[in-house]
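Scroll down for the structure; my scribbles are underneath it.
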Amino acid sequence: MKTEWINPFVESVYSLCSTMLSCGVERGQLGLAKGQTAAGGDITALIGLSGMARGMVALSFPAGTARAMVGRLLSIGEEEIDESVSDGVAELVNIVAGSAKAKFSNGNGSDIISLGLPTVIHGGSQIIGCPSHSTWLDVPFSSDLGPFSLRITFELEPTKGGN
Amino acid sequence: MKALVVDDSAVMRKVMIGALARAGIEDVAQAADGQEAVAACNADEFNLVLLDWNMPNMLGIDALKAIRANGKKVPVIMVTTEAEKSRVIEALKAGANNYVIKPFDPAAIVTKIQETLAKAS
């Protein structure tokens, strides 16, 4: 995995924060991990990538950040948020991955990357399993609504038209 | 004035219901996929449809084609992460009246709703 492949996803996070979440955000230093990784945050939203790219995108949040972001998304107070936290963070990762997907387009209308359905994990000690040779890129963010992190692992498959 | 919001995410449906309320539309029905959207449009008359693209059972683009094939002229705004120009053109050719790319500015979607309704009236 090339580190520059994370850029469309980072740009999507910035776009999400500046539009639907109306919050300032700053990225931290890129980290790397191999194979399995702990979910990290209290709530992690994952979405699988398939097609010419195969891998996974994850957004991990402390509970407070997740509640604040979903509250901002829905324009409601955090005290009003119930089960919509899971649905909300699932939509956040869907927007980040979906928005980034367009930047990997081959220009002829066919998708290089297809997205699966988002999955939400509760509990920071849960292990996200990926093939042992996988490299995770981990970008921590600080925002007005609290810290969170973006993690990505994927490979483009030349046999399917990736490069 | 009655609108239909179509998205498989309940949270996104709430976001769009909020945008419709800011545009002055309080009477809103919901559908969670394309099949439900087509059925709703066959069963009821709407002044506006907000339609996601990627949904289970039936994609929004296929629902749009089905709605038009059924002779429905209801204004449709696609609201989607599908940002590629070819996708926008495909949706407009299929009969979409407007196109909003997620993530969107909350004020911008209200403007798009108002613009679309003004053109349709």
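FYI, nothing fancy with the structure tokens labels: chains A, B, ... in order, residues from 1 per chain, ligands from 1 as they appear.
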### Task
Enumerate, as a ChimeraX atom specification, the complete set of residues in segment 27-99 of chain B that a backbone-based DSSP assignment places in helix (DSSP H, G or I).
/B:34-43,60-69,85-93
Could you turn the residues from that selection into a file that holds N, CA and C atoms, as a PDB file, in the first residue's frame?
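And here's result-v4.pdb as it stands now:
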ATOM      1  N   GLY B  34     -34.550   1.381  -2.901  1.00  0.00           N
ATOM      2  CA  GLY B  34     -35.164   1.770  -4.162  1.00  0.00           C
ATOM      3  C   GLY B  34     -36.529   1.136  -4.390  1.00  0.00           C
ATOM      4  N   GLN B  35     -36.652  -0.116  -3.999  1.00  0.00           N
ATOM      5  CA  GLN B  35     -37.947  -0.798  -4.174  1.00  0.00           C
ATOM      6  C   GLN B  35     -39.045  -0.086  -3.400  1.00  0.00           C
ATOM      7  N   GLU B  36     -38.735   0.265  -2.158  1.00  0.00           N
ATOM      8  CA  GLU B  36     -39.728   0.976  -1.347  1.00  0.00           C
ATOM      9  C   GLU B  36     -40.049   2.336  -1.968  1.00  0.00           C
ATOM     10  N   ALA B  37     -39.044   2.967  -2.558  1.00  0.00           N
ATOM     11  CA  ALA B  37     -39.261   4.280  -3.174  1.00  0.00           C
ATOM     12  C   ALA B  37     -40.214   4.179  -4.357  1.00  0.00           C
ATOM     13  N   VAL B  38     -39.997   3.180  -5.202  1.00  0.00           N
ATOM     14  CA  VAL B  38     -40.870   3.002  -6.369  1.00  0.00           C
ATOM     15  C   VAL B  38     -42.293   2.710  -5.903  1.00  0.00           C
ATOM     16  N   ALA B  39     -42.416   1.833  -4.908  1.00  0.00           N
ATOM     17  CA  ALA B  39     -43.749   1.498  -4.395  1.00  0.00           C
ATOM     18  C   ALA B  39     -44.423   2.729  -3.803  1.00  0.00           C
ATOM     19  N   ALA B  40     -43.663   3.540  -3.069  1.00  0.00           N
ATOM     20  CA  ALA B  40     -44.243   4.741  -2.456  1.00  0.00           C
ATOM     21  C   ALA B  40     -44.719   5.718  -3.524  1.00  0.00           C
ATOM     22  N   CYS B  41     -43.931   5.862  -4.592  1.00  0.00           N
ATOM     23  CA  CYS B  41     -44.312   6.799  -5.658  1.00  0.00           C
ATOM     24  C   CYS B  41     -45.521   6.300  -6.442  1.00  0.00           C
ATOM     25  N   ASN B  42     -45.692   4.978  -6.502  1.00  0.00           N
ATOM     26  CA  ASN B  42     -46.886   4.426  -7.156  1.00  0.00           C
ATOM     27  C   ASN B  42     -48.124   4.596  -6.291  1.00  0.00           C
ATOM     28  N   ALA B  43     -47.909   4.593  -4.971  1.00  0.00           N
ATOM     29  CA  ALA B  43     -49.048   4.614  -4.053  1.00  0.00           C
ATOM     30  C   ALA B  43     -49.463   6.020  -3.645  1.00  0.00           C
ATOM     31  N   GLY B  60     -30.617   3.581  -6.157  1.00  0.00           N
ATOM     32  CA  GLY B  60     -31.399   4.788  -6.391  1.00  0.00           C
ATOM     33  C   GLY B  60     -31.545   5.112  -7.866  1.00  0.00           C
ATOM     34  N   ILE B  61     -30.489   4.878  -8.652  1.00  0.00           N
ATOM     35  CA  ILE B  61     -30.551   5.198 -10.083  1.00  0.00           C
ATOM     36  C   ILE B  61     -31.590   4.309 -10.761  1.00  0.00           C
ATOM     37  N   ASP B  62     -31.676   3.043 -10.337  1.00  0.00           N
ATOM     38  CA  ASP B  62     -32.675   2.146 -10.930  1.00  0.00           C
ATOM     39  C   ASP B  62     -34.079   2.517 -10.475  1.00  0.00           C
ATOM     40  N   ALA B  63     -34.182   2.984  -9.228  1.00  0.00           N
ATOM     41  CA  ALA B  63     -35.483   3.445  -8.743  1.00  0.00           C
ATOM     42  C   ALA B  63     -35.930   4.673  -9.536  1.00  0.00           C
ATOM     43  N   LEU B  64     -34.991   5.573  -9.805  1.00  0.00           N
ATOM     44  CA  LEU B  64     -35.310   6.772 -10.589  1.00  0.00           C
ATOM     45  C   LEU B  64     -35.828   6.378 -11.977  1.00  0.00           C
ATOM     46  N   LYS B  65     -35.136   5.442 -12.616  1.00  0.00           N
ATOM     47  CA  LYS B  65     -35.571   4.990 -13.952  1.00  0.00           C
ATOM     48  C   LYS B  65     -36.973   4.370 -13.879  1.00  0.00           C
ATOM     49  N   ALA B  66     -37.220   3.600 -12.812  1.00  0.00           N
ATOM     50  CA  ALA B  66     -38.535   2.967 -12.664  1.00  0.00           C
ATOM     51  C   ALA B  66     -39.621   4.012 -12.416  1.00  0.00           C
ATOM     52  N   ILE B  67     -39.290   4.997 -11.619  1.00  0.00           N
ATOM     53  CA  ILE B  67     -40.272   6.059 -11.329  1.00  0.00           C
ATOM     54  C   ILE B  67     -40.635   6.808 -12.623  1.00  0.00           C
ATOM     55  N   ARG B  68     -39.619   7.112 -13.428  1.00  0.00           N
ATOM     56  CA  ARG B  68     -39.884   7.797 -14.703  1.00  0.00           C
ATOM     57  C   ARG B  68     -40.620   6.873 -15.674  1.00  0.00           C
ATOM     58  N   ALA B  69     -40.242   5.588 -15.683  1.00  0.00           N
ATOM     59  CA  ALA B  69     -40.917   4.632 -16.573  1.00  0.00           C
ATOM     60  C   ALA B  69     -42.394   4.494 -16.223  1.00  0.00           C
ATOM     61  N   LYS B  85     -18.311  12.700 -12.462  1.00  0.00           N
ATOM     62  CA  LYS B  85     -19.093  13.435 -13.460  1.00  0.00           C
ATOM     63  C   LYS B  85     -19.994  12.489 -14.256  1.00  0.00           C
ATOM     64  N   SER B  86     -19.460  11.303 -14.576  1.00  0.00           N
ATOM     65  CA  SER B  86     -20.261  10.351 -15.358  1.00  0.00           C
ATOM     66  C   SER B  86     -21.519   9.928 -14.609  1.00  0.00           C
ATOM     67  N   ARG B  87     -21.412   9.858 -13.279  1.00  0.00           N
ATOM     68  CA  ARG B  87     -22.584   9.502 -12.464  1.00  0.00           C
ATOM     69  C   ARG B  87     -23.629  10.622 -12.511  1.00  0.00           C
ATOM     70  N   VAL B  88     -23.158  11.854 -12.402  1.00  0.00           N
ATOM     71  CA  VAL B  88     -24.080  12.992 -12.441  1.00  0.00           C
ATOM     72  C   VAL B  88     -24.821  13.000 -13.776  1.00  0.00           C
ATOM     73  N   ILE B  89     -24.069  12.800 -14.856  1.00  0.00           N
ATOM     74  CA  ILE B  89     -24.684  12.800 -16.193  1.00  0.00           C
ATOM     75  C   ILE B  89     -25.689  11.653 -16.313  1.00  0.00           C
ATOM     76  N   GLU B  90     -25.288  10.479 -15.797  1.00  0.00           N
ATOM     77  CA  GLU B  90     -26.197   9.319 -15.852  1.00  0.00           C
ATOM     78  C   GLU B  90     -27.512   9.624 -15.136  1.00  0.00           C
ATOM     79  N   ALA B  91     -27.413  10.260 -13.975  1.00  0.00           N
ATOM     80  CA  ALA B  91     -28.619  10.568 -13.196  1.00  0.00           C
ATOM     81  C   ALA B  91     -29.476  11.607 -13.916  1.00  0.00           C
ATOM     82  N   LEU B  92     -28.846  12.621 -14.469  1.00  0.00           N
ATOM     83  CA  LEU B  92     -29.617  13.662 -15.164  1.00  0.00           C
ATOM     84  C   LEU B  92     -30.299  13.080 -16.407  1.00  0.00           C
ATOM     85  N   LYS B  93     -29.581  12.189 -17.116  1.00  0.00           N
ATOM     86  CA  LYS B  93     -30.183  11.550 -18.289  1.00  0.00           C
ATOM     87  C   LYS B  93     -31.373  10.670 -17.899  1.00  0.00           C
TER      88      LYS B  93
END
At a cut-off of 6 Å, which residues of chain B touch chain A? Count only C-alpha atoms and give the answer as a short mmCIF file (atom, residue, chain, number, x, y, z; two decimals) with N, CA and C atoms, in the first residue's frame.
data_model
loop_
_atom_site.label_atom_id
_atom_site.label_comp_id
_atom_site.auth_asym_id
_atom_site.auth_seq_id
_atom_site.Cartn_x
_atom_site.Cartn_y
_atom_site.Cartn_z
N VAL B 11 -30.12 7.66 9.91
CA VAL B 11 -29.54 8.96 10.28
C VAL B 11 -29.58 9.93 9.11
N VAL B 15 -31.34 13.57 8.68
CA VAL B 15 -30.64 14.78 8.23
C VAL B 15 -31.43 15.46 7.10
N THR B 81 -22.97 10.03 -2.36
CA THR B 81 -21.50 10.21 -2.36
C THR B 81 -20.92 10.01 -3.76
N ALA B 83 -19.65 11.02 -6.72
CA ALA B 83 -19.26 12.37 -7.14
C ALA B 83 -18.73 12.43 -8.56
N GLU B 84 -18.58 11.27 -9.18
CA GLU B 84 -17.99 11.26 -10.53
C GLU B 84 -18.91 11.94 -11.53
N SER B 86 -19.46 11.30 -14.58
CA SER B 86 -20.26 10.35 -15.36
C SER B 86 -21.52 9.93 -14.61
N PRO B 103 -20.20 14.65 1.22
CA PRO B 103 -20.85 15.45 2.26
C PRO B 103 -21.28 16.80 1.70
N PHE B 104 -22.41 17.30 2.23
CA PHE B 104 -22.93 18.57 1.74
C PHE B 104 -23.06 19.58 2.87
N ASP B 105 -23.00 20.83 2.50
CA ASP B 105 -23.25 21.91 3.45
C ASP B 105 -24.74 21.91 3.77
#
### Task
Go ahead and compute the interatomic distance for atom CA of Ala31 of chain B and atom CA of Thr116 of chain B, in Å to one decimal.
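Separating atom CA of Ala31 of chain B from atom CA of Thr116 of chain B is a distance of 20.4 Å.
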### Query
If you run DSSP on this backbone, which residues of segment 29-117 of chain A come out as strand (DSSP E or B), and could you give them as a PyMOL selection string?
chain A and resi 31-34+37-38+43-51+53-61+113-115
### Task
Find the spatial neighbours of segment 66-68 of chain A, counting only C-alpha atoms, within a cut-off of 8 Å - ignore same-chain residues fewer than 3 positions away - and output them as a list in words.
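Residues near the query, excluding close chain neighbours: Ile43, Phe61, Pro62, Ala63, Gly71, Arg72, Glu78, Ile81, Val85, Val89, Leu145 and Gly146 of chain A.
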